[in-house]
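Undergrad: I'd like to ask some things about the structure below.
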Protein chains: 2
Amino acid sequence: MFKGFTVLMFAVAVLMAFSTSVLAQSPDPLPSWNEGAAKSAIVDFVNRVTKENSSDFVPISDRIAVFDNDGTLWPEQPLVQILSMLAKLEALATVDPSLRERQPFKAALEQDNDYFTKEGLKAVIDVVVATMANMTQEEFEADAQKFIQTEIYPQLNQPISNLAYKPMVELLNYLRANGFQTWICSGGGIDFIRLVSGQLYGIPPQQVIGSTLKKEYREENGKNFIWRKAEIDRINDKEGKPVGIDLYIGKRPIFAMGNVRSGGDIAMLSYSQDQAQPSLQLIINHDDNKREFAYQEPDNTSLNAADKNGWIVISMKNDWQIVFDFQLTQ
Amino acid sequence: MFKGFTVLMFAVAVLMAFSTSVLAQSPDPLPSWNEGAAKSAIVDFVNRVTKENSSDFVPISDRIAVFDNDGTLWPEQPLVQILSMLAKLEALATVDPSLRERQPFKAALEQDNDYFTKEGLKAVIDVVVATMANMTQEEFEADAQKFIQTEIYPQLNQPISNLAYKPMVELLNYLRANGFQTWICSGGGIDFIRLVSGQLYGIPPQQVIGSTLKKEYREENGKNFIWRKAEIDRINDKEGKPVGIDLYIGKRPIFAMGNVRSGGDIAMLSYSQDQAQPSLQLIINHDDNKREFAYQEPDNTSLNAADKNGWIVISMKNDWQIVFDFQLTQ
C-alpha cells in the first residue's frame with residue numbers, strides 16, 4: 001500500500017507538471033472573437049475572479065453566469081418560438097379550418113403583425129394558450145421536439161440545431177472550464193428552450209429560466225402527468241428576469257449578458273451589477289446585416305444603459321470573427 | 001511533446017490501476033446504515049443504473065435525486081421554520097406589543113395549535129406574511145441567517161447546524177459520487193432552506209425547490225433589490241411537489257425520497273416512479289422515539305402507498321445505526 005501510494009504521488013506530480021505546461025501554451029479559448037476591448041474585458045474578468053488569493057477571487061459556488069437566449073445565444077428575427085407556434089397553429093387549422101376565420105388565430109396565420117400590435121398581450125396569450133396549453137407536458141415536448149428536428153429557419157435556411165452563435169458557444173465553454181455555472185434567463189417559454197439548450201449550448205434543462213404556464217399534477221388510469229393549464233404563470237422578461245433569477249438560483253450572478261432590442265435585459269444586468277463581488281455585464285449589439293441581422297432599439301435604451309453603467313457592448317460585426325459555424329463552410 | 005505524452009499515458013495507467021484497486025477494497029459508503037433490505041436496495045439500484053452497457057444504465061444527465069427536507073433530511077418535530085417564524089414574531093411583538101392581542105399572532109405566540117387547526121391555512125399565511133414578507137430578499141436572509149446561527153433546537157438541545165440526519169448526509173454524498181445531482185423538494189419556504197442546504201447537506205441553493213412568496217424587482221436610490229410581497233406564490237407540498245420538480249428541473253427524478261407524516265411526498269414519489277427509466281422511491285418511517293421521534297400518520301396513507309407501489313420503507317430505528325452525528329459523542 002505504501003509503495004502504491006508513492007507511485008501514485010509520482011504519477012500525480014507528472015500529471016500536474018504536464019498539465020501546467022499544457023496550460024502555459026494553451027490555445028486561445030475564444031478563437032471566434034476578434035482581439036479587442038470586448039474580448040479583453042471577458043478574459044481579464046475571468047482571470048481576475050479565478051485567481052486564488054486575489055482580492056477579486058470569487059469562489060466557484062458564486063460563479064454564476066446568466067445569458068438571455070433570443071438575440072444573445074441565437075437569432076431572434078423572427079423568434080424561433082413564434083415559428084413553432086405558427087407551425088402548431090397551421091396543424092390545428094388543418095384539423096379545424098374555422099380557426100382561419102377566428103381572431104387572433106386568423107391574424108397569426110396571416111402574420112398580420114398590426115393586429116397584435118393593436119390588440120396587445122391578450123391576443124398573444126390567446127395564441128400561446130391555443131398552441132402550448134391544454135395538453136400534458138409529455139405531449140408538448142413531443143410536439144416541440146418534432147418541430148425542432150424538422151424546421152428550417154427561413155431567414156438563414158438552416159436547421160434549428162445550427163442556430164447557436166459560435167462565439168457564444170465558445171464563451172459558454174470557456175466560462176464552464178473556469179468553474180462557472182452557465183444559465184439561460186430568457187423571456188421565451190422555459191419548456192421549449194429546455195429541449196434545445198443541451199444540444200446547442202451544453203446547458204442542462206435545470207439551468208434554464210423562462211416564462212411559464214401554470215401547471216398541475218394529475219393522475220388518470222394509473223398513470224400520472226403534468227398538465228399545462230391555459231393560464232400564464234410568470235413572464236420572465238424585463239423586471240421579471242431578476243425575479244426569475246432569485247426564484248431559480250437564489251443569488252446574484254456575477255456574469256450577465258443580454259442584447260439590444262427591447263430593453264429586456266436591462267434589469268437583469270443591473271441586478272447582476274449591484275453586488276459586493278466583482279461582476280461583468282455585457283450586451284450584444286446587432287449591427288451585422290451581412291452575417292446576421294442589423295437592428296436597433298427605437299429609443300436606444302439598452303445602449304444608453306450600457307454607456308451609463310459601464311457594461312461591455314459587443315459589436316457582432318467587429319468583435320466576432322464568425323457568427324455561425326455553418327458560415328465556415330459556405 | 002511526444003515524450004511528455006508517453007509519460008502522461010504511463011501516469012494515467014498507474015492512476016487507473018491504483019484507483020481500481022482502491023475501489024475494489026473501498027470502504028462502505030453508507031457506514032451509518034445497518035445491513036438490510038433498505039441499504040441493499042439503495043446500493044443495488046446505484047450499481048444498476050451506473051453500470052455502462054447494462055440495459056438499466058442511466059446517463060448522468062438523468063441521474064436526478066430529490067429529497068423532501070422536513071422529516072427526511074432533518075427533524076420536523078417541530079418544524080425549524082415554525083421556530084424561526086415564532087422567533088421573528090417575538091421580536092416584532094417586542095417592538096409592537098399589540099401583536100400579542102391580535103389574532104392570529106396571539107395564538108402563534110401562545111402556541112395555541114387549536115386556533116390554527118380551526119382557522120386553517122389563512123391564519124398560517126397571515127403569520128408567514130407578517131414574519132417573512134414586506135421586506136427585501138437581503139433583509140430576510142440576514143434575519144434568517146441570524147436565527148440559523150444562534151437557535152438551539154429545543155427538543156434535541158442542538159444548534160441548527162447539527163440537525164442533519166447522518167445516514168442521509170452519507171446517502172447524498174454516495175449518490176453524488178455516483179454522478180447524481182441531489183435536490184431538495186420541500187413544502188417549506190425555499191429561501192430559508194437555501195441558507196442551510198449547503199452547510200448541512202452539500203446542496204447548493206439552486207438545487208432547492210420549496211414554497212415561494214410572490215416577489216418583485218425594485219430600484220430605489222440607485223440600488224436594486226428583490227421585494228418579498230405579502231402574497232403566497234406557490235405551495236410546494238403534495239401535488240405541488242411534482243409541479244415544482246417540473247418547474248425547476250424539467251424531468252422526472254429517478255430517485256425520490258420522503259417520509260411518513262402527512263402524505264406530503266406521495267405525489268412526488270408516484271411522479272418519480274411513472275417513467276421508462278429504472279427508478280427508486282423510498283419513504284422514512286419515524287419509529288425511533290429513543291434517538292429521534294416516533295410518530296405515525298393518522299390514516300397510514302404513506303405506508304399504504306409504499307406497500308401498494310413497492311417503495312422502500314426505511315425504519316429509522318432498524319435501518320440507521322446512528323441518527324445524528326452529535327449522538328456519537330454523547
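Convention: chains lettered A, B, ... in C-alpha cells order; per-chain residue numbering from 1; ligands numbered from 1 as shown.
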Counting only C-alpha atoms, which residues from chain B have an atom at most 7 Å from any atom of chain A, and could you show them as a ChimeraX atom specification?
TA: /B:8,11,14-15,205-206,215-217,223-224,226,239,242-243,248-250,271,274
Undergrad: Just want the 10 Å neighbourhood of Glu170 (chain B), counted on only C-alpha atoms, with same-chain residues fewer than 5 positions away dropped. Output as a ChimeraX atom specification.
TA: /B:29-33,165,175-176,201
Undergrad: Could you give me, as a VMD selection string, each residue of region 152-190 of chain B that DSSP assigns to strand (DSSP E) when run on this structure's backbone?
TA: chain B and resid 152 to 153 158 to 159 181 to 189
Undergrad: Filtering to C-alpha atoms, could you give me those residues as a PDB file, in the first residue's frame?
TA:
ATOM      1  CA  ILE B 152     -30.893  25.863  19.736  1.00  0.00           C
ATOM      2  CA  TYR B 153     -33.402  23.255  18.577  1.00  0.00           C
ATOM      3  CA  GLN B 158     -28.578  21.231  19.484  1.00  0.00           C
ATOM      4  CA  PRO B 159     -27.747  24.091  17.122  1.00  0.00           C
ATOM      5  CA  GLN B 181     -27.450  15.598  -8.892  1.00  0.00           C
ATOM      6  CA  THR B 182     -29.103  15.927  -5.471  1.00  0.00           C
ATOM      7  CA  TRP B 183     -32.109  18.220  -4.969  1.00  0.00           C
ATOM      8  CA  ILE B 184     -34.364  19.208  -2.106  1.00  0.00           C
ATOM      9  CA  CYS B 185     -38.094  19.333  -2.842  1.00  0.00           C
ATOM     10  CA  SER B 186     -39.745  20.616   0.325  1.00  0.00           C
ATOM     11  CA  GLY B 187     -43.046  22.067   1.447  1.00  0.00           C
ATOM     12  CA  GLY B 188     -41.015  24.593   3.446  1.00  0.00           C
ATOM     13  CA  GLY B 189     -40.089  28.071   2.272  1.00  0.00           C
TER      14      GLY B 189
END
Undergrad: Separation of CA of Asn162 (chain A) and CA of Ala65 (chain A), in Å?
TA: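 Here the two named atoms are 22.9 Å from each other.
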Undergrad: Step one, run DSSP on the backbone; step two, keep only residues of region 135-283 of chain B assigned to helix (DSSP H, G or I); then write them as a ChimeraX atom specification.
TA: /B:137-150,160-162,166-177,190-201,205-207,240-248,266-273
Undergrad: Report as a ChimeraX atom specification all protein, DNA and RNA residues lying within 12 Å of region 295-308 of chain B, evaluated on only C-alpha atoms, omitting residues in the same chain fewer than 6 positions from it.
TA: /B:71,75-77,238,257-270,273,280-289,314-316
Undergrad: Can I get the selected residues back with C-alpha atoms, as a PDB file, in the first residue's frame?
TA:
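Output saved as result-v5.pdb:
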ATOM      1  CA  GLY B  71     -38.523  14.653   8.438  1.00  0.00           C
ATOM      2  CA  PRO B  75     -36.302  16.628  12.174  1.00  0.00           C
ATOM      3  CA  GLU B  76     -39.768  18.122  11.891  1.00  0.00           C
ATOM      4  CA  GLN B  77     -40.988  17.937  15.499  1.00  0.00           C
ATOM      5  CA  LYS B 238     -48.348  17.157  -2.013  1.00  0.00           C
ATOM      6  CA  MET B 257     -37.265  10.059  -1.013  1.00  0.00           C
ATOM      7  CA  GLY B 258     -39.731  11.390   1.520  1.00  0.00           C
ATOM      8  CA  ASN B 259     -41.168  10.490   4.895  1.00  0.00           C
ATOM      9  CA  VAL B 260     -44.277   9.472   6.734  1.00  0.00           C
ATOM     10  CA  ARG B 261     -46.316  12.205   8.360  1.00  0.00           C
ATOM     11  CA  SER B 262     -48.867  13.933   6.176  1.00  0.00           C
ATOM     12  CA  GLY B 263     -48.800  12.087   2.867  1.00  0.00           C
ATOM     13  CA  GLY B 264     -46.897  15.099   1.536  1.00  0.00           C
ATOM     14  CA  ASP B 265     -44.450  13.046  -0.531  1.00  0.00           C
ATOM     15  CA  ILE B 266     -46.792  10.526  -2.165  1.00  0.00           C
ATOM     16  CA  ALA B 267     -47.315  12.540  -5.362  1.00  0.00           C
ATOM     17  CA  MET B 268     -43.568  13.187  -5.691  1.00  0.00           C
ATOM     18  CA  LEU B 269     -42.726   9.509  -5.358  1.00  0.00           C
ATOM     19  CA  SER B 270     -45.513   8.496  -7.764  1.00  0.00           C
ATOM     20  CA  GLN B 273     -41.938   6.070 -10.441  1.00  0.00           C
ATOM     21  CA  LEU B 280     -36.221   4.057  -6.828  1.00  0.00           C
ATOM     22  CA  GLN B 281     -38.606   5.529  -4.271  1.00  0.00           C
ATOM     23  CA  LEU B 282     -38.086   5.499  -0.520  1.00  0.00           C
ATOM     24  CA  ILE B 283     -40.015   6.665   2.478  1.00  0.00           C
ATOM     25  CA  ILE B 284     -38.735   7.127   6.033  1.00  0.00           C
ATOM     26  CA  ASN B 285     -40.810   5.816   8.903  1.00  0.00           C
ATOM     27  CA  HIS B 286     -40.320   7.767  12.136  1.00  0.00           C
ATOM     28  CA  ASP B 287     -40.320   4.880  14.566  1.00  0.00           C
ATOM     29  CA  ASP B 288     -37.381   5.833  16.762  1.00  0.00           C
ATOM     30  CA  ASN B 289     -38.560   7.533  19.938  1.00  0.00           C
ATOM     31  CA  ILE B 314     -36.793   2.993   5.922  1.00  0.00           C
ATOM     32  CA  SER B 315     -37.148   2.274   9.615  1.00  0.00           C
ATOM     33  CA  MET B 316     -35.089   4.877  11.461  1.00  0.00           C
TER      34      MET B 316
END
Undergrad: So what do you get for CA of Asp112 (chain A) versus CA of Arg100 (chain A), distance-wise?
TA: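 About the pair CA of Asp112 (chain A) and CA of Arg100 (chain A): they are 12.4 Å apart.
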Undergrad: Mind giving me the straight-line distance from CA of Ala276 (chain A) to CA of Lys51 (chain A) in Å, one decimal?
TA: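 Rounded to one decimal, the two atoms are 17.3 Å apart.
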Undergrad: With a distance cut-off of 7 Å and only C-alpha atoms, select the neighbouring residues of Asn134 (chain B), excluding the residue or stretch itself and same-chain residues fewer than 4 positions from it, and output the selection as a ChimeraX atom specification.
TA: /B:228-230
Undergrad: How would the residues just picked look written out with N, CA, C and O atoms as an mmCIF file, in the first residue's frame?
TA:
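File produced: part-v6.cif:
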data_model
loop_
_atom_site.group_PDB
_atom_site.id
_atom_site.type_symbol
_atom_site.label_atom_id
_atom_site.label_comp_id
_atom_site.auth_asym_id
_atom_site.auth_seq_id
_atom_site.Cartn_x
_atom_site.Cartn_y
_atom_site.Cartn_z
ATOM 1 N N ARG B 228 -40.033 41.057 -1.257
ATOM 2 C CA ARG B 228 -40.876 39.909 -0.891
ATOM 3 C C ARG B 228 -42.294 40.395 -0.636
ATOM 4 O O ARG B 228 -42.551 41.054 0.384
ATOM 5 N N LYS B 229 -43.202 40.072 -1.531
ATOM 6 C CA LYS B 229 -44.575 40.557 -1.431
ATOM 7 C C LYS B 229 -45.392 39.746 -0.422
ATOM 8 O O LYS B 229 -45.079 38.593 -0.134
ATOM 9 N N ALA B 230 -46.441 40.365 0.069
ATOM 10 C CA ALA B 230 -47.278 39.735 1.096
ATOM 11 C C ALA B 230 -48.314 38.823 0.444
ATOM 12 O O ALA B 230 -49.526 38.959 0.657
#
